[in-house]
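Asker: One structure follows; several queries about it will come next.
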Amino acid sequence: MRLIIYTGKGGVGKTSASAATAYRLSKLGYRTLLMSTDSAHSLGDSLGTDLGVDICHVSDNFDALEIDIIHEMKTKWSDIQSYVTDFMVSQGMGNITAEEMAIFPGMEMISALFYVNQFYESGEYDVIVMDTAPTGETLRLLSLPEAANWYVMRFYGTFKKMIALARATFGKLSSVPLPSADVMDSIDELKDTLQNVSKILDDPKCTTVRLVLNPEQMVIKETMRAYTYLSLYNRNVEMLLVNKVMTDEMLSTDHFKDKREEQAHHLKEIHDAFDPMEIKLCHLRYTELRGLAMLEYMAEEIYGQEDPSKVYSSESPMSFRTDDGMDLLVMKMPFIEASQVELFRVDATTMMVHVGSQKRNIHLPDSLISAKVLGADFIDNELVIKFKRE
Ligand SMILES: Nc1ncnc2c1ncn2[C@@H]1O[C@H](COP(=O)(O)OP(=O)(O)OP(=O)(O)O)[C@@H](O)[C@H]1O
Ligand SMILES: [Mg+2]
């Protein structure tokens, strides 16, 4: 199975690009699922159909699913949902508000990852194309498994705080429902599934990320940050889609005279920053990008005759190598300076890499458990950590 994830800043064209890719794949004969984790529900708009809350058959080989988290909570996580709701109600909150409060930001993404795991195991689809929401949570949850623990801890943490608050308010705990064994089991299951998903996400030949951007200063900067972040967490970012590029024809009018130079400058900046990554362009269209026929145009412009399920680069951002008898851990660190990186040996099996405010634990292979860290170098956007075995 292939998993292609489109991500990027708000409004750049993620949904359109995902839908176009999925449609093209289905026409090539791949059993394709297009899945959106965006609660704004724009997939239906893009496809020009109403999708509902379950998997919807769009056309031959083409299914789509817009994650509806309220529906998911009711059908899949009813234990957790009803516990959180009971808890909120015990605190004097109305039933409906309590149900909504039981939903944490990013839960759509977790639900989507559950589906990925399910379909990976069942082999029902050849390709899943994932359209994501333009939020920090999206990136964070893609950085599994760290995020899985972070997420579950946040869940626990929030409860601890609420229980403490209830205790302070009422002086006793009797009115506060405590989580049952079923609820705790559901949380454990959540954690286990996320661990499985992290194996799927870690495989650079299976899961790849495509960053969508527009030729605009702020968007470029944010895309660079997203790339650094995803590399730190070992996600294979293999393609950049520069969308809404104005055509020469548009730019030839006097009205867009200044825009012409600005766009050329931004396109150069994108190439300078991201080469040799695969960079695709898609022009801004005058007509609304809606419905399968428009998506077909978009796919044609992006991919031409190429098969969109192709893995443009399967290099993992992190690898262990041996060079001249020395063991090396090599990590891609795009757009980072050596001074922004700090390394710690947490214990025999774990190293921690800090990049700015981000940190990642790296579990060393058995062969390096007793090895000493000799030092680290920064070479061509790569952090190279040298080890010496005992
Ligand atoms: N190449 C293009 N030419 C013209 N319009 C486009 C193009 N790409 C996307 N659009 C339009 O821009 C709007 C935003 O596109 P889309 O919904 O795909 O972006 P998004 O990144 O998914 O947005 P969000 O972050 O809100 O989810 C839509 O109205 C879409 O039709
Ligand atoms: Mg969208």
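Chain labels run A, B, ... following the order of the structure tokens; each chain numbers its residues from 1, and ligands are numbered from 1 in the order shown.
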Would you mind listing the residues within 6 Å of ligand 2, counting only C-alpha atoms and all ligand atoms, as a PyMOL selection string?
Answerer: chain A and resi 14-15+42
Asker: Kindly provide, as a PyMOL selection string, all nucleotide and amino acid residues lying within 7 Å of ligand 1, counting only C-alpha atoms and all ligand atoms.
Answerer: chain A and resi 8-17+38+42+46+133-134+243-244+282-290
Asker: Determine which residues of segment 101-302 of chain A receive a DSSP assignment of strand (DSSP E or B), computed from the backbone, and state them as a list in words.
Answerer: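 DSSP-assigned strand (DSSP E or B) residues in segment 101-302 of chain A: Val127, Ile128, Val129, Met130, Asp131, Thr207, Thr208, Val209, Arg210, Leu211, Val212, Leu213, Val237, Glu238, Met239, Leu240, Leu241, Val242, Asn243, Lys244, Val245, Glu278, Ile279, Lys280, Leu281, Cys282 and His283 of chain A.
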Asker: Pick out the closest residue to Ser59 of chain A from this set: A:Asp79, A:Leu292, A:Asp182, A:His71. Count only C-alpha atoms.
Answerer: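 Of A:Asp79, A:Leu292, A:Asp182, A:His71, the one nearest Ser59 of chain A is A:Leu292, counting only C-alpha atoms.
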Asker: Name the residues in contact with Glu124 of chain A at a cut-off of 10 Å, using only C-alpha atoms, excluding same-chain residues fewer than 6 positions from it; report them as a ChimeraX atom specification.
Answerer: /A:1,31-33,118
Asker: Would you export the selected residues with C-alpha atoms as a JSON list (two decimals), in the first residue's frame, please?
Answerer:
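Heads up, here's the output in out20.json:
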[["chain", "number", "residue", "atom", "x", "y", "z"],
["A", 1, "MET", "CA", 0.00, 0.00, 0.00],
["A", 31, "ARG", "CA", -7.90, 1.04, -5.80],
["A", 32, "THR", "CA", -7.79, 4.49, -4.27],
["A", 33, "LEU", "CA", -9.09, 6.05, -1.09],
["A", 118, "GLN", "CA", -6.93, -0.82, 9.21]]
Asker: Would you please give, as a list in words, all residues of segment 286-331 of chain A that DSSP assigns to helix (DSSP H, G or I) based on the backbone?
Answerer: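 After running DSSP on the backbone, segment 286-331 of chain A has helix (DSSP H, G or I) at Leu292, Ala293, Met294, Leu295, Glu296, Tyr297, Met298, Ala299, Glu300, Glu301, Ile302 and Tyr303 of chain A.
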Asker: So how many Å separate atom CA of Lys280 of chain A and atom CA of Leu241 of chain A, to one decimal?
Answerer: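 Result for atom CA of Lys280 of chain A versus atom CA of Leu241 of chain A: 4.8 Å, one decimal.
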